[in-house]
Structures are given as structure tokens and as C-alpha cells.
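Undergrad: Okay, handing you the structure first.
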Amino acid sequence: MNLSLKERPRLEDRYQVLVIGGGINGVAIARECARAGRRTLLVEEHDFGSGTTSRSTRMIHGGLRYLEHGEIGLVRESLRARKHLLREHPHLVQPMQFLLAISPGSRRSALAVRTGLWLYRRLGGPKLRGSVSEMEKRRLEQWLDAGQRWSILDFEDAQCEFPERLVAEWLVEAIQAGAVVRNHARVLAVNVTHGKALGVLLRDQLTGKEQRVDASWIINATGPWADRVCQRSSIRTSRPMVGGVRGSHIVLPRFAGAPTTALYTEAPDHRPIFVVPWNDQILVGTTEVPDSGDPGKTKPASDEIDYLLHSVKRLFPRAQISRNEIHYAFAGVRPLPFSPNQKPNGITRRNFLHDHAEDGASRMISVIGGKLTTAAELACECAQKIGAPTATRKVLAIASVDSIDPILDRWVLEIAEAGGVSESTARGIVEWHGKRSLDIARMALSSAVLRAPLCSHSEHIVAEAVDAFSNECAATLGDVLLRRVPAALGGCWSDECSRQAAQRIGAAVGWNEQDMAAELESFEAERAAFLQKTVRMDLPVETAAD
Ligand SMILES: Cc1cc2nc3c(=O)[nH]c(=O)nc-3n(C[C@H](O)[C@H](O)[C@H](O)COP(=O)(O)OP(=O)(O)OC[C@H]3O[C@@H](n4cnc5c(N)ncnc54)[C@H](O)[C@@H]3O)c2cc1C
């Protein structure tokens with residue numbers, strides 16, 4: 001079998017809804033429109049979830065910070081969305097305790113912060129996990145910037161460690177609802193005739209073939225690329241729709257004294273900063289730098305890396321972390337609404353739907369802004385805007401983790417038995433593949449090749465990769481290892497892991513030597529462009545950042 005077929009069937013010539021951009025918003029919109037019975041096509045230039053969606057801090061949050069800007073409505077809506085995600089995807093979205101550390105020099109008064117937290121807790125509803133222990137708070141205080149008295153408070157939010165997986169699950173649901181989806185397919189231009197958007201010219205990035213596709217509605221869900229799509233199609237908006245703001249992260253090994261729960265605090269320049277346990281590593285972010293360049297080429301600048309590292313070193317002066325220890329750094333461009341006179345952190349995180357009728361392209365909508373957290377709600381709003389009926393999502397009670405954990409544990413045992421795999425592999429499968437776990441386990445049972453780990457240290461197995469090609473529209477090795485089975489985001493992933501994974505996956509899906517070499521080469525190029533190595537600078541970091 002050769003599952004990563006480059007030759008894909010020609011698309012039909014006409015759809016009711018055509019969604020451009022397969023980030024979390026585009027996938028959610030395609031799913032909603034398909035569920036509403038609309039013949040829907042979703043096209044994505046690279047891979048689903050490869051844009052901003054995989055470059056975020058991965059929090060599913062109400063946005064405590066937005067309270068400072070008086071955006072109570074947005075906080076309430078985001079907290080409601082958080083509840084839905086916790087309930088609907090308990091294997092991917094989990095409650096997380098946050099410690100909020102306020103330094104003695106903070107510009108925020110402890111009283112104002114306490115009041116904000118009180119309101120945030122009221123809006124968020126009952127806790128799903130117990131509070132952080134006093135011992136953990138004291139431990140953290142001891143490690144934090146020695147000699148200062150910190151006020152340490154706690155609150156609850158949630159984390160989706162792998163939004164790439166959330167996108168993959170929603171994609172499958174979109175397909176099940178009847179959507180046609182195509183990654184590695186770029187919209188070259190929207191065809192606008194007599195004031196109406198009629199369709200698009202598409203290029204298959206894997207074969208180079210071009211095709212025109214018509215649609216009754218076109219949704220431009222390209223996030224930070226939204227203005228570019230319009231410019232290439234000669235659709236003139238009165239002003240730019242998006243004001244891109246780059247955010248960078250660094251990923252560190254777990255260092256001595258690192259928080260075991262998420263830490264939200266201020267960097268030395270009083271900007272908010274997160275230090276979050278993630279994927280057995282520590283994720284630190286983020287920055288806010290206006291960026292009008294090509295979002296596909298965005299990278300963390302050297303001074304952003306220094307800034308983040310310096311902030312961690314200031315917070316944890318005894319931790320002895322150096323630039324050499326950073327596993328990698330990555331950046332994404334927030335597609336914030338264009339707001340030229342505002343500081344990036346003051347710009348609303350609300351989403352907007354821009355109707356291009358006023359720009360001479362009726363029946364085309366651009367999606368601006370938004371968050372991972374609120375993507376499903378945005379999708380309903382968008383579907384309603386084009387007249388597609390959506391079901392009302394009821395907020396149902398969420399089980400506490402104390403009751404979910406034993407269910408997951410039982411499930412892990414069942415999967416281990418069904419697949420003939422270890423418990424740790426079964427846990428990895430359950431956590432990433434949810435409902436598909438049993439199918440993957442049964443596939444694994446059928447052959448030792450499929451039960452093999454992706455590389456010598458991975459718990460994830462070849463069957464997961466095969467499932468990604470067969471059922472989740474992965475088309476390249478990069479689609480698999482960076483998003484469907486994102487083992488390559490792990491701290492110990494090396495060139496040798498890439499080689500082993502390419503060979504093992506290739507053997508299972510029928511690649512010849514040439515295919516394998518080509519897949520490996522393009523995967524390594526993609527990995528290097530996304531997960532930046534941070535070479536040591538000549539100057540010590542302290543000097544560079546001061
Ligand atoms: C640093 C940072 C931290 C963040 N942290 C959080 C967080 O913790 N929690 C949270 O809820 N949100 C967070 N966000 C926000 C969230 O990540 C984004 O709002 C969300 O991912 C946007 O999704 P999207 O689908 O609109 O855009 P994208 O994910 O960028 O998707 C757009 C897609 O369009 C495709 N595309 C572009 N041009 C074309 C074309 N011509 N043809 C076809 N396809 C095209 C791109 O390849 C891309 O995949 C963060 C964002 C950043 C940058």
C-alpha cells in the first residue's frame with residue numbers, strides 16, 4: 001500500500017461553501033457548515049493546523065488579563081467555550097492550576113489582582129482540580145527571585161497540549177459531516193466578477209496542478225494571511241484587516257526549581273509571561289512584536305529569545321539555564337484586528353467577521369482575530385452569518401478530573417490489551433487519539449511493523465502514523481510527525497529519530513528508498529524552519545538582554 005498518495009482526485013467544480021485556511025478556525029467553520037448540510041470544501045496551503053494554531057501558548061483560557069481591559073463579555077464567552085472543550089475533549093483539554101506570582105515591584109496592586117481573580121473564579125464556575133498545595137506555593141516562592149517577597153495566588157484554567165490534535169479530530173468530524181478537505185492546496189486568487197466572489201483558483205502544492213472551483217460563499221479563514229488573500233484577488237478593503245503581532249516562545253528542559261504547575265507572572269519589563277509545563281518540557285512565552293512580514297516565514301528574533309531566557313533566569317536565579325539548553329524556539333503571528341494606535345497587549349482578542357460586500361466582493365467573509373479557545377463559537381457565528389443553521393451548544397456540567405482520571409486509566413488498560421502494546425504506549429494513544437484509539441490498537445495488533453515505536457525513545461507507534469495517512473488526511477511525513485502524531489515536538493527528538501521514524505513509517509506505508517529520502521529531507525527542512533535551534537551568542541545572555 002502507498003498511503004501518502006501525491007495524486008489526489010480532482011475536486012468537484014462547485015461547492016456551497018468554500019473555506020480558505022485550515023487552522024483551527026477554518027476547520028471549525030468547515031465542520032459547522034457541513035453539519036448544517038452545506039456542501040463544503042476546505043482548502044489549506046500547507047497542512048491543517050500548521051499556521052498560527054501550532055504556534056500558540058496552548059492555553060484554553062478565559063483570559064484573566066482581558067479583565068484589566070474591561071472585556072468581561074469576552075471573558076465570559078471564553079470561559080463558556082473552555083467548559084465545552086473540557087467536556088467534549090477530556091483527553092486533549094485538561095484543567096490546569098495556575099500560580100499567579102506578583103513581585104513586590106509590580107505595577108498591579110495585589111488588591112486589584114485579588115479582585116480580578118475573585119471575579120474570574122465566579123465567572124468560571126466550580127473548580128475541576130484541587131487547589132495548588134501551600135507546600136508547592138512555598139517551594140515556588142523559595143526558587144523565585146531570591147530575597148524578594150512574592151504574593152502567590154492561584155486560579156484554574158485549562159491547557160490543550162496539542163491543538164494540532166484538536167484540529168485533526170475536528171477535521172475528521174468535518175469529513176464525517178460531509179465536508180471535502182484538501183491540504184497542500186493553495187488559493188492563488190479569489191475570482192470576483194460584477195461585485196461578487198464566485199470562486200477561487202487553486203494550486204495543488206504536491207502536483208502543481210491548478211483548478212478553478214466555484215462556491216456560493218467564500219470564507220477567508222487564513223488568520224494572519226487574510227489581507228494577502230484579498231490583495232492577491234484585488235479586493236480592496238478601506239484599511240488592513242489584520243495587524244500582525246508576533247509572539248515567540250522558547251522550550252526548555254525541566255530545570256531545577258521549575259514550576260510543576262503553570263506559572264503566570266511578570267517579566268522584568270512588567271509584561272505578562274507564562275512558564276508552563278508542556279510535553280515533558282517547560283514552555284516559556286511570549287513576546288508581542290508588530291510583524292507585517294510573511295507569516296509563513298516568521299521566526300523568533302535573537303533578542304526575543306534573549307528576552308524570554310533572561311526573564312526565566314531573573315525569575316529563577318538559581319536555575320543555571322543557558323541559551324545552549326534551549327531545546328528550540330518558535331514563533332507565530334497573532335492575527336489581531338488592525339489597530340494602529342494601540343499597544344499590542346491592549347488590542348482586543350475578540351474575533352470579527354468582515355463582510356466584503358462593502359469592498360465589492362459580496363458573498364465573501366474574512367475571519368479576523370479569535371483564539372483557540374473560542375474557535376468553535378466563532379464557527380457557529382460564521383455559519384449563521386451565511387444562513388447555515390447551527391445547533392445551540394448547551395453548557396453541560398463537567399466531571400471533575402477525579403472522576404475522569406479513573407475512566408482514562410481503565411481505557412488505557414483496554415487499549416493496551418486490544419493492541420498488544422505497553423501501558424505507556426496505550427496511554428500515549430488514548431491521550432492523542434481519543435475515540436480512534438481502539439481502531440489504532442486493533443491495527444497495531446495485526447503486525448509487529450505497526451506496533452514498532454516511531455524511534456528508539458518514542459512511546460508512539462507506527463500504527464498511529466498509518467492512521468494519520470489513512471484517516472486524518474496527512475500527506476507528508478511532516479504532517480504526521482509535527483501534527484497528527486507530534487512526537488517531533490518532544491525534547492529528545494533528534495536527526496536519528498527522524499531517520500528511524502521515516503524508515504519505519506515508510507516500511508509500513510510502502511515507500512521506496514527514493515520516496516523515503518525525499519520525505520525525510522522535506523520533513524527535516526520543515527522541522528528546522530519551525531522549531532528553531534538557538535545557537536549560543538558571543539555575549540553572555542545577561543549582558544545582551546540588559
Ligand atoms: C504567540 C501566540 C500565542 C497564542 N496563545 C494562545 C493561547 O494560549 N490560547 C488561545 O486560545 N489562543 C492563543 N493564540 C491565538 C490562536 O493561536 C490563534 O488565534 C488561532 O490559532 C488562529 O487560528 P486561525 O485558524 O485563524 O489561523 P491559522 O492557524 O494561522 O490558520 C490559517 C491557515 O490559512 C492557511 N493559508 C494562508 N494562505 C492560504 C491560501 N492562500 N490558501 C490556502 N490556505 C492558506 C495557512 O497555511 C494557515 O494554516 C496565540 C497566538 C499566538 C501567535
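Labeling convention for the C-alpha cells: chains A, B, ... as they appear, residues from 1 per chain, ligands from 1 in order of appearance.
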Please extract the residues of segment 79-213 of chain A with a backbone DSSP assignment of helix (DSSP H, G or I) and present them as a PyMOL selection string.
TA: chain A and resi 79-88+110-124+134-143+163-176
Undergrad: How would you report the residues lying within 6 Å of ligand 1, as a ChimeraX atom specification, if you count only C-alpha atoms and all ligand atoms?
TA: /A:20-26,43-46,48-53,55-60,186-188,221-225,229,246-248,286,332-334,369-373
Undergrad: If we count only C-alpha atoms and set the cut-off at 12 Å, which residues sit around Glu472 of chain A, ignoring sequence neighbours fewer than 5 positions away in its own chain? Please answer as a PyMOL selection string.
TA: chain A and resi 3-4+47-48+164-176+181-183+433+436+464-467+479-480+483-485
Undergrad: Just to be explicit: take each residue in the selection above, keep C-alpha atoms, and write the result as an mmCIF file, in the first residue's frame.
TA:
```cif
data_model
loop_
_atom_site.group_PDB
_atom_site.id
_atom_site.type_symbol
_atom_site.label_atom_id
_atom_site.label_comp_id
_atom_site.auth_asym_id
_atom_site.auth_seq_id
_atom_site.Cartn_x
_atom_site.Cartn_y
_atom_site.Cartn_z
ATOM 1 C CA LEU A 3 -0.826 5.719 1.652
ATOM 2 C CA SER A 4 0.749 9.114 1.176
ATOM 3 C CA ASP A 47 -1.148 21.344 6.379
ATOM 4 C CA PHE A 48 -4.132 21.656 8.679
ATOM 5 C CA GLU A 164 -2.740 20.099 16.340
ATOM 6 C CA ARG A 165 -4.647 17.055 17.596
ATOM 7 C CA LEU A 166 -7.785 19.069 18.266
ATOM 8 C CA VAL A 167 -7.625 20.261 14.661
ATOM 9 C CA ALA A 168 -7.175 16.663 13.456
ATOM 10 C CA GLU A 169 -10.237 15.499 15.413
ATOM 11 C CA TRP A 170 -12.394 18.354 14.157
ATOM 12 C CA LEU A 171 -11.182 17.655 10.646
ATOM 13 C CA VAL A 172 -12.364 14.053 10.884
ATOM 14 C CA GLU A 173 -15.710 15.284 12.237
ATOM 15 C CA ALA A 174 -15.966 17.731 9.330
ATOM 16 C CA ILE A 175 -15.336 14.900 6.849
ATOM 17 C CA GLN A 176 -17.880 12.683 8.606
ATOM 18 C CA VAL A 181 -10.968 18.778 2.727
ATOM 19 C CA ARG A 182 -7.712 19.313 0.893
ATOM 20 C CA ASN A 183 -4.369 20.251 2.406
ATOM 21 C CA HIS A 433 -6.319 9.843 19.516
ATOM 22 C CA ARG A 436 -9.907 6.487 17.356
ATOM 23 C CA GLU A 464 -0.668 5.966 14.673
ATOM 24 C CA ALA A 465 1.208 7.305 11.658
ATOM 25 C CA VAL A 466 -0.590 4.906 9.312
ATOM 26 C CA ASP A 467 -3.920 6.023 10.766
ATOM 27 C CA ASP A 479 2.137 16.304 8.552
ATOM 28 C CA VAL A 480 2.478 13.155 10.632
ATOM 29 C CA ARG A 483 0.922 17.498 13.815
ATOM 30 C CA ARG A 484 -1.041 14.182 13.701
ATOM 31 C CA VAL A 485 1.430 12.252 15.871
#
```
Undergrad: I need the residue nearest Gln342 of chain A from this list: A:Thr115, A:Gly360, A:Gly296, A:Gly243. Use only C-alpha atoms for the distance.
TA: A:Gly243
Undergrad: So that I can check the surroundings of Val19 of chain A, please list as a PDB file with N, CA, C and O atoms, in the first residue's frame every protein, DNA and RNA residue that reaches within 6 Å of it, counting only C-alpha atoms and ignoring chain neighbours fewer than 5 positions away.
TA:
```pdb
ATOM      1  N   LEU A  42     -12.914  22.646   2.177  1.00  0.00           N
ATOM      2  CA  LEU A  42     -11.900  23.343   2.983  1.00  0.00           C
ATOM      3  C   LEU A  42     -10.553  23.146   2.306  1.00  0.00           C
ATOM      4  O   LEU A  42     -10.151  22.005   2.050  1.00  0.00           O
ATOM      5  N   ILE A 218     -17.663  32.278   0.118  1.00  0.00           N
ATOM      6  CA  ILE A 218     -16.235  32.044   0.344  1.00  0.00           C
ATOM      7  C   ILE A 218     -15.874  32.614   1.716  1.00  0.00           C
ATOM      8  O   ILE A 218     -16.189  33.775   2.013  1.00  0.00           O
ATOM      9  N   ILE A 219     -15.268  31.775   2.536  1.00  0.00           N
ATOM     10  CA  ILE A 219     -14.845  32.219   3.873  1.00  0.00           C
ATOM     11  C   ILE A 219     -13.318  32.250   3.885  1.00  0.00           C
ATOM     12  O   ILE A 219     -12.671  31.210   3.690  1.00  0.00           O
TER      13      ILE A 219
END
```
Undergrad: Any chance you could tabulate, as a Markdown table, the residues of segment 235-349 of chain A at most 9 Å from segment 63-72 of chain A with each one's nearest atom pair and distance in Å to one decimal, using only C-alpha atoms, in chain and rising number order?
TA:
```
| residue | atom | partner | partner_atom | distance |
| --- | --- | --- | --- | --- |
| A:Pro272 | CA | A:Arg65 | CA | 8.7 |
| A:Gly346 | CA | A:His69 | CA | 7.2 |
| A:Thr348 | CA | A:Tyr66 | CA | 8.0 |
| A:Arg349 | CA | A:Tyr66 | CA | 8.2 |
```
Undergrad: Tell me, in Å to one decimal, how far atom CA of Leu153 of chain A is from atom CA of Asn345 of chain A.
TA: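 We find that atom CA of Leu153 of chain A and atom CA of Asn345 of chain A lie 22.4 Å from each other.
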Undergrad: Kindly give the distance, in Å, that separates atom CA of Ser131 of chain A and atom CA of Leu74 of chain A, rounded to a single decimal.
TA: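 Taking atom CA of Ser131 of chain A as the start and atom CA of Leu74 of chain A as the end point, the length is 25.1 Å.
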Undergrad: Rounded to one decimal, what separation in Å do you get between atom CA of Leu450 of chain A and atom CA of Gly434 of chain A?
TA: 18.6 Å
Undergrad: Out of A:Pro335, A:Pro300, A:Pro9, A:Gly37, which residue has the shortest atom-to-atom distance to Thr390 of chain A when counting only C-alpha atoms?
TA: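 Using only C-alpha atoms, Thr390 of chain A sits closest to A:Gly37.
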Undergrad: Which polymer residues have any atom within 9 Å of an atom of Gln94 of chain A, counting only C-alpha atoms, with same-chain residues fewer than 2 positions away left out, as a PDB file with C-alpha atoms, in the first residue's frame?
TA:
```pdb
ATOM      1  CA  ILE A  60      -7.573  27.151  26.845  1.00  0.00           C
ATOM      2  CA  LEU A  85     -13.748  21.926  25.266  1.00  0.00           C
ATOM      3  CA  LEU A  86     -13.096  20.367  28.665  1.00  0.00           C
ATOM      4  CA  HIS A  89     -12.266  16.602  24.536  1.00  0.00           C
ATOM      5  CA  PRO A  90     -11.184  15.457  28.013  1.00  0.00           C
ATOM      6  CA  HIS A  91      -8.206  13.570  26.589  1.00  0.00           C
ATOM      7  CA  LEU A  92      -6.842  16.697  24.874  1.00  0.00           C
ATOM      8  CA  MET A  96      -4.625  23.260  34.825  1.00  0.00           C
ATOM      9  CA  ASP A 157      -7.650  27.473  33.610  1.00  0.00           C
ATOM     10  CA  ALA A 158      -7.001  24.741  31.057  1.00  0.00           C
ATOM     11  CA  GLN A 159      -4.364  23.559  28.646  1.00  0.00           C
ATOM     12  CA  CYS A 160      -4.554  21.850  25.288  1.00  0.00           C
ATOM     13  CA  GLU A 161      -1.049  20.491  24.956  1.00  0.00           C
ATOM     14  CA  VAL A 401     -10.725  15.247  36.954  1.00  0.00           C
TER      15      VAL A 401
END
```
Undergrad: If you run DSSP over the backbone, which residues in segment 349-426 of chain A end up strand (DSSP E or B)? Put them as a compact mmCIF listing (two decimals) with N, CA and C atoms, in the first residue's frame.
TA:
```txt
# COMPACT_ATOMS: atom_id res chain seq x y z
N ASN A 351 -12.98 38.20 18.18
CA ASN A 351 -12.91 37.97 16.73
C ASN A 351 -13.98 38.80 16.00
N PHE A 352 -13.73 39.05 14.74
CA PHE A 352 -14.66 39.83 13.91
C PHE A 352 -14.86 39.11 12.59
N LEU A 353 -16.04 39.28 12.03
CA LEU A 353 -16.30 38.74 10.69
C LEU A 353 -16.44 39.93 9.75
N HIS A 354 -15.56 40.01 8.78
CA HIS A 354 -15.58 41.14 7.86
C HIS A 354 -16.32 40.72 6.59
N ASP A 355 -17.43 41.41 6.32
CA ASP A 355 -18.21 41.12 5.12
C ASP A 355 -17.65 41.95 3.97
N SER A 362 -19.20 40.70 -2.71
CA SER A 362 -20.24 40.15 -1.84
C SER A 362 -20.11 38.63 -1.79
N MET A 364 -18.45 37.02 0.35
CA MET A 364 -17.15 36.60 0.89
C MET A 364 -16.98 37.25 2.27
N ILE A 365 -16.54 36.43 3.21
CA ILE A 365 -16.36 36.87 4.60
C ILE A 365 -14.91 36.58 5.00
N SER A 366 -14.28 37.53 5.68
CA SER A 366 -12.96 37.24 6.27
C SER A 366 -13.09 37.15 7.78
N VAL A 367 -12.38 36.19 8.33
CA VAL A 367 -12.39 35.98 9.79
C VAL A 367 -11.15 36.67 10.36
N ILE A 368 -11.36 37.54 11.33
CA ILE A 368 -10.23 38.29 11.90
C ILE A 368 -10.16 38.02 13.40
N GLY A 369 -8.96 37.68 13.88
CA GLY A 369 -8.73 37.53 15.32
C GLY A 369 -9.24 36.20 15.85
```
Undergrad: Go through A:Ile347, A:Val213, A:Ala256, A:Leu140 one by one, measure the shortest atom-to-atom distance of each to Leu41 of chain A using only C-alpha atoms, and give the residue with the smallest value.
TA: A:Val213
Undergrad: Would you kindly return, as number ranges by chain, each protein, DNA or RNA residue with an atom no farther than 12 Å from any atom of Ala517 of chain A, considering only C-alpha atoms and excluding same-chain residues fewer than 4 positions away?
TA: A: 477, 498-503, 506, 511-513, 521-524
Undergrad: For each of A:Arg232, A:Lys297, A:Lys83, A:Arg139, take the minimum atom-to-atom distance to Leu123 of chain A, counting only C-alpha atoms, then give the residue where this is smallest.
TA: A:Lys83
Undergrad: Of the candidates A:Gly428, A:Gly195, A:Gly419, A:Gly510, which one gets nearest to Ala444 of chain A if we count only C-alpha atoms?
TA: A:Gly419
Undergrad: Using only C-alpha atoms, pick whichever of A:Arg350, A:Arg39, A:Arg239, A:Arg10 has the shortest atom-to-atom distance to Glu377 of chain A.
TA: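 The closest residue to Glu377 of chain A is A:Arg350.
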